[in-house]
2 protein chains.
Amino acid sequence: MAAAGGSAGPDPSLSPERGRGAQTSQRLLAYSDALLSIIATVMILPVAHTKIHPDQKLGESVQQLLLAKIAVYLMTFLIVTVAWAAHVRLFQVIEFIDDVLALLNLACMMIITFLPYTFSLMASFPDVPFGIFLFSVCAVVIGLIQAVIVAYGFHHPHLLNQQIQVSENQSFYKRRILKIILRGPILCFLAAIFSFFFIPLSYVLLGLVIVFPHLSRFITWCKTKIAGQSDEEEEHHSLETFTFYLSEPLSKERVEAFSDGVYAIVATLLILDICEDNVPDPREVEKFHGSLLEALSEYGPNYLAYFGSFVTIGLLWFVHHSLFLYVTKATRLMGLLNILSLAFIGGLPLAYQLTSEFAERSHNEIEAIQVSCVITFFASIFQFAIWTTALLYERETLHPFARYGGKEHAFMFAKLALYPCVSLGAFFLTCLLSEFSTAIFHLMQIIIPFAFLALRILVRISLTVIKSAMSLSRRKVVLLEEEEACLSPTETS
Amino acid sequence: MAAAGGSAGPDPSLSPERGRGAQTSQRLLAYSDALLSIIATVMILPVAHTKIHPDQKLGESVQQLLLAKIAVYLMTFLIVTVAWAAHVRLFQVIEFIDDVLALLNLACMMIITFLPYTFSLMASFPDVPFGIFLFSVCAVVIGLIQAVIVAYGFHHPHLLNQQIQVSENQSFYKRRILKIILRGPILCFLAAIFSFFFIPLSYVLLGLVIVFPHLSRFITWCKTKIAGQSDEEEEHHSLETFTFYLSEPLSKERVEAFSDGVYAIVATLLILDICEDNVPDPREVEKFHGSLLEALSEYGPNYLAYFGSFVTIGLLWFVHHSLFLYVTKATRLMGLLNILSLAFIGGLPLAYQLTSEFAERSHNEIEAIQVSCVITFFASIFQFAIWTTALLYERETLHPFARYGGKEHAFMFAKLALYPCVSLGAFFLTCLLSEFSTAIFHLMQIIIPFAFLALRILVRISLTVIKSAMSLSRRKVVLLEEEEACLSPTETS
């Protein structure tokens, strides 16, 4: 297939030697990542826009939110990321695309973008089977389209991954990738059926879709630990390299692209809210004797909350960016932790909504700020967890600079630890000094960017302090030893 | 600077030999592109969400929209793209980043994401100076931050482009890039001052920001045509290669990334509208005897409009993708045409809003559909214009396959011509058969994807038909010539 003839054009994105309109899939994947990340995150909007009366106590409302809508938001976020992971796997097998595949992929994306609507229906009518039914039908259709893509790819082997293309076990790979892709849709199909009889079971099945990949891997891992290598596994041992390739790493570029999409859309969802809620009506302006400036000064806290939230998201992106600069390979566990971190990032518009609506008002102030702190804390602690996981397998996953003893190690640690520490600190401070909670929160948001700017210097100072302290204590030890040495000869002599 | 020592890690995104935390800027740029494209496009929302009473005649409302809000939307879209273009130029000079630059860039992005809000103020209060003043202040701050980035970059030359790094004329480059970056902010500064005296002049100045780069280039071009090379220009001739590099091409990857962002956010803005408007209230459902399905069937036309719009956006992305597969370099004119095309793409949510609100209702149906056709037509005709422009300089800008006579030429032509032809056809059909306009529009949206799927076959068939027709006519000519040849000897003999 890979005939060496043919004039390779100046553009590397075309592969004329593969013939028949084969193109690299890079841009298609970037576009899909953008769509999927936006869709996963947009689902926070029905949660953030839930109307809460200012008179109502936020404590109860937050509980209500947490129990119903946020759970569904998280579930749907995770399901979209499962679809995304299946998509990543799929296009690790099919490396080149042609026009038909591009169009099929777009059809797949179209159904996926419809998922938030079914989510909204589920959140509004949790007891009506139709929402969950529609959701499941969409998931099944997505699975079927992806199955068609696989069938098409294996029918045109010049589009496949080089390794599969030359292999004799194409049908094995085909079955394997179909299994990975259709696993979720089959569970959704069952959920669709059960939605008419017993809705809780449907929700359980949908939950299973999320944990299944990790569950099955865990079971396999347990099996190997207990029973050792089985015959069947040895039989497939020759295929191991590729099955490993299929099931283990998520391509680092796509993890980055998906994360970037989530961060970008969350940062811009905020301005959407500002644009829709904080442009005064001309009639309102008349109340202020026609002065627009005075009318706008009413919204002061909103602007503050906006810039504060943007700074938080921007800096969390910055930490993520710094982390992945030194990550050389994303394992499955790291991918999962990353997705959990992103799920909380997606919750930040809710935090913004809370801080801008309730800050400096009524008795809900503290709760609003505490929820913001909790969301920020979880978003950042999962980033920290990615780092710790990477350190466990540092030889495979990290750049030498970032490993234990590497010259960037301490600095990375400080960068990743800053947000969890500060948000946890702010949380407890608001518990203790409840009157000043808003001031504490805003102070935190103002200080952190400067802390990041000065972090390298701070780390260097603290390292030198630690070193000098250690050398001092070591010198003391040395001196003591010398004293002992001085004393002991006299003693022994 | 580029000391050869140091263990190059397995990750190419780090450049330890540059030292002092230098990193490639790739991911920072991708994130910036995502943010900028979303921000440019989000501005359609105040336009699309303008409330129009169903009783009101759409003709007038559309005029009102077109004259005020759409003009401001387009202007702001173009201004954000100017900021984007300046950002592209800036990071062609500064090729590597460190933490400080990343944070400065994020600050810059934060101000840019605030622009839509100032736009909303301008659109709501066109006669009040405060909106335009705020906009201008933001633009000036952005310019200042970018100037700081330049100053920082030239103070740490290991972050600069290789070519500038080794050059002796660094100060010349510094002045030149500062000129490019500060041109817009200075005009905005003037606009801010004039906003308090004479608002129309401010709008003219803001308009100038958009056309200035193209205007100045046009004037230079005219000058060279009339006066020939001047002495001063010859003096700088040695620097020509780089100044060409600075002023001519937009990096193709960033054009693609920015376009992808616009397409992705437009596709997902649609589902936002669906999620907010088309989830029925529990009380509404009670009207339908508690049947959610019946309540939802009310929204049938909305779903149809949603899928129709998504298909349109998806396929226009597909055309763009196919086009840029064969584009090897994006010239400035192509960049401009691309941005104009994207500006109309950004208008598609308005088309969706119109078709879903007014289709099958009242006397506004035809106008709504015609506006949709016009938006689609312009979005696609500008794509076609990119292609024609590329063909003018095909040696530099196109892959051999897509040039005249290349084997993909006819196919590309058909792909790019499909949407302009169909939307123009639908427009005139709705003029003629005004009763069936909705049916025509939906038929168009259903047929087009299949047309794209079958396009390769259709093109091949038409090509063979043309060829055989031509060879037939040629054979006729040959036969006639032969007859003549048969006749003439007898005559001459």
# chains A, B, ... in the order shown; residues from 1 in each chain; ligands from 1
call {"tool": "interface_residues", "arguments": {"of": "chain B", "to": "chain A", "cutoff": "8 Å", "atoms": "only C-alpha atoms", "output": "NGL selection string"}}
result
:B and (9-11 or 13-14 or 23 or 27 or 30-31 or 34-35 or 38-39 or 42 or 46 or 99-100 or 102-103 or 106 or 110 or 113-114 or 116-117 or 120-121 or 124-125 or 128 or 130 or 260-261 or 264-265 or 267-268 or 271-272 or 274-276 or 279 or 282 or 292-293 or 307 or 310-311 or 314-315 or 318 or 321 or 325-326 or 328 or 399-400 or 453)
call {"tool": "select_by_dssp", "arguments": {"residues": "segment 281-428 of chain B", "states": "alpha helix (DSSP H)", "output": "VMD selection string"}}
result
chain B and resid 282 to 287 292 to 297 300 to 326 332 to 346 348 to 358 365 to 392 394 to 397 409 to 428
call {"tool": "atom_distance", "arguments": {"atom1": "atom CA of Tyr173 of chain A", "atom2": "atom CA of Leu160 of chain A"}}
result
11.0 Å
call {"tool": "atom_distance", "arguments": {"atom1": "atom CA of Ser216 of chain A", "atom2": "atom CA of Arg332 of chain A"}}
result
12.8 Å
call {"tool": "residues_around", "arguments": {"residues": "Ser202 of chain B", "least_positions_apart": "6", "cutoff": "9 Å", "atoms": "only C-alpha atoms", "output": "short mmCIF file (atom, residue, chain, number, x, y, z; two decimals) with all heavy atoms, in the first residue's frame"}}
result
data_model
loop_
_atom_site.label_atom_id
_atom_site.label_comp_id
_atom_site.auth_asym_id
_atom_site.auth_seq_id
_atom_site.Cartn_x
_atom_site.Cartn_y
_atom_site.Cartn_z
N ILE B 132 -18.12 53.16 24.07
CA ILE B 132 -16.98 53.24 23.16
C ILE B 132 -15.72 53.62 23.91
O ILE B 132 -14.61 53.15 23.58
CB ILE B 132 -17.30 54.23 22.01
CG1 ILE B 132 -16.38 53.96 20.83
CG2 ILE B 132 -17.21 55.67 22.45
CD1 ILE B 132 -16.89 54.56 19.58
N CYS B 188 -7.33 53.66 18.81
CA CYS B 188 -8.37 53.50 19.82
C CYS B 188 -8.26 54.58 20.88
O CYS B 188 -9.27 55.04 21.42
CB CYS B 188 -8.27 52.12 20.48
SG CYS B 188 -8.86 50.81 19.41
N LEU B 190 -7.23 57.64 20.39
CA LEU B 190 -7.87 58.81 19.80
C LEU B 190 -9.38 58.67 19.85
O LEU B 190 -10.11 59.62 20.19
CB LEU B 190 -7.40 58.99 18.35
CG LEU B 190 -5.93 59.35 18.18
CD1 LEU B 190 -5.57 59.44 16.72
CD2 LEU B 190 -5.63 60.68 18.89
N ALA B 191 -9.87 57.45 19.54
CA ALA B 191 -11.32 57.22 19.58
C ALA B 191 -11.87 57.48 20.97
O ALA B 191 -12.95 58.05 21.14
CB ALA B 191 -11.64 55.80 19.14
N ALA B 192 -11.12 57.07 21.99
CA ALA B 192 -11.56 57.29 23.38
C ALA B 192 -11.67 58.78 23.68
O ALA B 192 -12.62 59.23 24.31
CB ALA B 192 -10.57 56.63 24.35
N ILE B 193 -10.70 59.54 23.20
CA ILE B 193 -10.74 60.99 23.45
C ILE B 193 -11.93 61.62 22.73
O ILE B 193 -12.70 62.39 23.31
CB ILE B 193 -9.42 61.63 23.00
CG1 ILE B 193 -8.29 61.17 23.93
CG2 ILE B 193 -9.53 63.16 23.02
CD1 ILE B 193 -6.93 61.57 23.45
N PHE B 194 -12.08 61.25 21.45
CA PHE B 194 -13.15 61.88 20.66
C PHE B 194 -14.54 61.43 21.10
O PHE B 194 -15.52 62.09 20.78
CB PHE B 194 -12.95 61.60 19.17
CG PHE B 194 -11.93 62.49 18.56
CD1 PHE B 194 -10.71 62.00 18.12
CD2 PHE B 194 -12.18 63.86 18.43
CE1 PHE B 194 -9.77 62.83 17.57
CE2 PHE B 194 -11.23 64.70 17.87
CZ PHE B 194 -10.02 64.19 17.43
N SER B 195 -14.62 60.29 21.82
CA SER B 195 -15.94 59.77 22.18
C SER B 195 -16.71 60.78 23.01
O SER B 195 -17.94 60.77 23.03
CB SER B 195 -15.81 58.45 22.92
OG SER B 195 -15.19 58.65 24.17
#
call {"tool": "residues_around", "arguments": {"residues": "segment 70-85 of chain B", "least_positions_apart": "5", "cutoff": "7 Å", "atoms": "only C-alpha atoms", "output": "PyMOL selection string"}}
result
chain B and resi 36+40-41+43-44+47+65+123+210+343
call {"tool": "residues_around", "arguments": {"residues": "segment 161-168 of chain B", "least_positions_apart": "3", "cutoff": "7 Å", "atoms": "only C-alpha atoms", "output": "ChimeraX atom specification"}}
result
/B:93-95,157
call {"tool": "atom_distance", "arguments": {"atom1": "atom CA of Glu298 of chain B", "atom2": "atom CA of Gly143 of chain A"}}
result
28.6 Å
call {"tool": "residues_around", "arguments": {"residues": "Ala410 of chain B", "least_positions_apart": "5", "cutoff": "9 Å", "atoms": "only C-alpha atoms", "output": "list in words"}}
result
Ala402, Tyr404, Gly405, Lys415, Val459, Arg460 and Leu463 of chain B
call {"tool": "write_last_selection", "arguments": {"atoms": "all heavy atoms", "output": "PDB file, in the first residue's frame"}}
result
ATOM      1  N   ALA B 402      -4.035  20.587  -6.511  1.00  0.00           N
ATOM      2  CA  ALA B 402      -5.187  21.471  -6.588  1.00  0.00           C
ATOM      3  C   ALA B 402      -5.014  22.562  -7.636  1.00  0.00           C
ATOM      4  O   ALA B 402      -5.937  23.326  -7.881  1.00  0.00           O
ATOM      5  CB  ALA B 402      -5.439  22.104  -5.215  1.00  0.00           C
ATOM      6  N   TYR B 404      -4.362  24.282 -11.477  1.00  0.00           N
ATOM      7  CA  TYR B 404      -5.010  24.027 -12.763  1.00  0.00           C
ATOM      8  C   TYR B 404      -4.437  22.745 -13.341  1.00  0.00           C
ATOM      9  O   TYR B 404      -3.218  22.587 -13.421  1.00  0.00           O
ATOM     10  CB  TYR B 404      -4.735  25.176 -13.742  1.00  0.00           C
ATOM     11  CG  TYR B 404      -5.583  26.379 -13.490  1.00  0.00           C
ATOM     12  CD1 TYR B 404      -4.997  27.586 -13.132  1.00  0.00           C
ATOM     13  CD2 TYR B 404      -6.962  26.317 -13.613  1.00  0.00           C
ATOM     14  CE1 TYR B 404      -5.773  28.703 -12.893  1.00  0.00           C
ATOM     15  CE2 TYR B 404      -7.741  27.427 -13.374  1.00  0.00           C
ATOM     16  CZ  TYR B 404      -7.148  28.620 -13.008  1.00  0.00           C
ATOM     17  OH  TYR B 404      -7.916  29.712 -12.768  1.00  0.00           O
ATOM     18  N   GLY B 405      -5.326  21.845 -13.738  1.00  0.00           N
ATOM     19  CA  GLY B 405      -4.855  20.599 -14.325  1.00  0.00           C
ATOM     20  C   GLY B 405      -4.509  19.545 -13.296  1.00  0.00           C
ATOM     21  O   GLY B 405      -4.274  18.397 -13.645  1.00  0.00           O
ATOM     22  N   LYS B 415     -16.742  21.148  -4.876  1.00  0.00           N
ATOM     23  CA  LYS B 415     -16.983  21.230  -3.441  1.00  0.00           C
ATOM     24  C   LYS B 415     -17.263  22.655  -3.018  1.00  0.00           C
ATOM     25  O   LYS B 415     -18.173  22.929  -2.228  1.00  0.00           O
ATOM     26  CB  LYS B 415     -15.731  20.740  -2.703  1.00  0.00           C
ATOM     27  CG  LYS B 415     -15.906  19.491  -1.910  1.00  0.00           C
ATOM     28  CD  LYS B 415     -14.611  19.212  -1.166  1.00  0.00           C
ATOM     29  CE  LYS B 415     -14.526  17.773  -0.749  1.00  0.00           C
ATOM     30  NZ  LYS B 415     -13.212  17.418  -0.216  1.00  0.00           N
ATOM     31  N   VAL B 459     -18.815  14.377  -9.872  1.00  0.00           N
ATOM     32  CA  VAL B 459     -17.777  15.100 -10.623  1.00  0.00           C
ATOM     33  C   VAL B 459     -17.177  14.188 -11.681  1.00  0.00           C
ATOM     34  O   VAL B 459     -16.970  14.596 -12.824  1.00  0.00           O
ATOM     35  CB  VAL B 459     -16.685  15.614  -9.659  1.00  0.00           C
ATOM     36  CG1 VAL B 459     -15.469  16.107 -10.423  1.00  0.00           C
ATOM     37  CG2 VAL B 459     -17.236  16.711  -8.790  1.00  0.00           C
ATOM     38  N   ARG B 460     -16.920  12.930 -11.308  1.00  0.00           N
ATOM     39  CA  ARG B 460     -16.305  12.007 -12.248  1.00  0.00           C
ATOM     40  C   ARG B 460     -17.220  11.782 -13.454  1.00  0.00           C
ATOM     41  O   ARG B 460     -16.772  11.791 -14.602  1.00  0.00           O
ATOM     42  CB  ARG B 460     -16.007  10.678 -11.532  1.00  0.00           C
ATOM     43  CG  ARG B 460     -14.660  10.133 -11.913  1.00  0.00           C
ATOM     44  CD  ARG B 460     -14.263   9.003 -11.002  1.00  0.00           C
ATOM     45  NE  ARG B 460     -13.478   9.454  -9.868  1.00  0.00           N
ATOM     46  CZ  ARG B 460     -13.163   8.691  -8.824  1.00  0.00           C
ATOM     47  NH1 ARG B 460     -13.592   7.440  -8.786  1.00  0.00           N
ATOM     48  NH2 ARG B 460     -12.427   9.152  -7.858  1.00  0.00           N
ATOM     49  N   LEU B 463     -17.294  14.864 -15.598  1.00  0.00           N
ATOM     50  CA  LEU B 463     -16.028  15.005 -16.323  1.00  0.00           C
ATOM     51  C   LEU B 463     -15.981  14.076 -17.518  1.00  0.00           C
ATOM     52  O   LEU B 463     -15.569  14.475 -18.619  1.00  0.00           O
ATOM     53  CB  LEU B 463     -14.850  14.715 -15.399  1.00  0.00           C
ATOM     54  CG  LEU B 463     -14.311  15.884 -14.573  1.00  0.00           C
ATOM     55  CD1 LEU B 463     -13.085  15.446 -13.789  1.00  0.00           C
ATOM     56  CD2 LEU B 463     -13.976  17.074 -15.445  1.00  0.00           C
TER      57      LEU B 463
END
call {"tool": "decode", "arguments": {"residues": "segment 35-46 of chain B", "atoms": "all heavy atoms", "output": "short mmCIF file (atom, residue, chain, number, x, y, z; two decimals), in the first residue's frame"}}
result
data_model
loop_
_atom_site.label_atom_id
_atom_site.label_comp_id
_atom_site.auth_asym_id
_atom_site.auth_seq_id
_atom_site.Cartn_x
_atom_site.Cartn_y
_atom_site.Cartn_z
N LEU B 35 -9.65 30.95 22.76
CA LEU B 35 -10.30 32.05 23.47
C LEU B 35 -10.73 33.15 22.51
O LEU B 35 -11.86 33.63 22.56
CB LEU B 35 -9.34 32.63 24.51
CG LEU B 35 -9.24 31.90 25.85
CD1 LEU B 35 -8.21 32.56 26.72
CD2 LEU B 35 -10.58 31.90 26.55
N LEU B 36 -9.80 33.54 21.61
CA LEU B 36 -10.10 34.67 20.73
C LEU B 36 -11.24 34.33 19.77
O LEU B 36 -12.12 35.16 19.53
CB LEU B 36 -8.84 35.05 19.94
CG LEU B 36 -7.76 35.75 20.76
CD1 LEU B 36 -6.49 35.90 19.95
CD2 LEU B 36 -8.26 37.11 21.22
N SER B 37 -11.23 33.11 19.25
CA SER B 37 -12.28 32.77 18.29
C SER B 37 -13.64 32.72 18.98
O SER B 37 -14.65 33.17 18.42
CB SER B 37 -11.97 31.44 17.60
OG SER B 37 -11.80 30.44 18.57
N ILE B 38 -13.67 32.19 20.20
CA ILE B 38 -14.94 32.14 20.92
C ILE B 38 -15.43 33.55 21.20
O ILE B 38 -16.60 33.87 20.98
CB ILE B 38 -14.79 31.35 22.24
CG1 ILE B 38 -14.51 29.87 21.95
CG2 ILE B 38 -16.05 31.45 23.06
CD1 ILE B 38 -14.20 29.06 23.17
N ILE B 39 -14.52 34.42 21.66
CA ILE B 39 -14.90 35.78 22.00
C ILE B 39 -15.41 36.54 20.77
O ILE B 39 -16.41 37.26 20.85
CB ILE B 39 -13.70 36.50 22.64
CG1 ILE B 39 -13.59 36.04 24.08
CG2 ILE B 39 -13.85 37.99 22.60
CD1 ILE B 39 -14.83 36.26 24.89
N ALA B 40 -14.75 36.34 19.64
CA ALA B 40 -15.18 37.04 18.44
C ALA B 40 -16.60 36.63 18.06
O ALA B 40 -17.39 37.44 17.57
CB ALA B 40 -14.22 36.74 17.29
N THR B 41 -16.93 35.36 18.31
CA THR B 41 -18.19 34.82 17.82
C THR B 41 -19.33 35.00 18.81
O THR B 41 -20.49 35.14 18.41
CB THR B 41 -18.02 33.33 17.50
OG1 THR B 41 -16.72 33.13 17.01
CG2 THR B 41 -19.02 32.89 16.49
N VAL B 42 -18.99 34.99 20.09
CA VAL B 42 -20.01 35.09 21.12
C VAL B 42 -20.81 36.38 20.95
O VAL B 42 -21.97 36.47 21.36
CB VAL B 42 -19.33 35.01 22.50
CG1 VAL B 42 -20.05 35.82 23.53
CG2 VAL B 42 -19.26 33.57 22.95
N MET B 43 -20.21 37.34 20.29
CA MET B 43 -20.85 38.65 20.15
C MET B 43 -22.10 38.62 19.28
O MET B 43 -22.81 39.62 19.20
CB MET B 43 -19.85 39.61 19.54
CG MET B 43 -18.64 39.78 20.42
SD MET B 43 -17.55 40.99 19.71
CE MET B 43 -16.35 41.14 21.01
N ILE B 44 -22.34 37.51 18.61
CA ILE B 44 -23.57 37.44 17.83
C ILE B 44 -24.78 37.30 18.76
O ILE B 44 -25.91 37.61 18.37
CB ILE B 44 -23.53 36.26 16.83
CG1 ILE B 44 -24.63 36.37 15.78
CG2 ILE B 44 -23.65 34.94 17.53
CD1 ILE B 44 -24.52 37.51 14.85
N LEU B 45 -24.56 36.85 19.99
CA LEU B 45 -25.69 36.55 20.87
C LEU B 45 -26.61 37.73 21.12
O LEU B 45 -27.82 37.59 21.01
CB LEU B 45 -25.19 35.96 22.18
CG LEU B 45 -24.84 34.48 22.11
CD1 LEU B 45 -24.46 33.98 23.48
CD2 LEU B 45 -26.02 33.67 21.59
N PRO B 46 -26.08 38.92 21.47
CA PRO B 46 -27.01 40.03 21.66
C PRO B 46 -27.83 40.32 20.41
O PRO B 46 -28.98 40.77 20.51
CB PRO B 46 -26.10 41.22 22.00
CG PRO B 46 -24.78 40.67 22.28
CD PRO B 46 -24.69 39.29 21.74
#
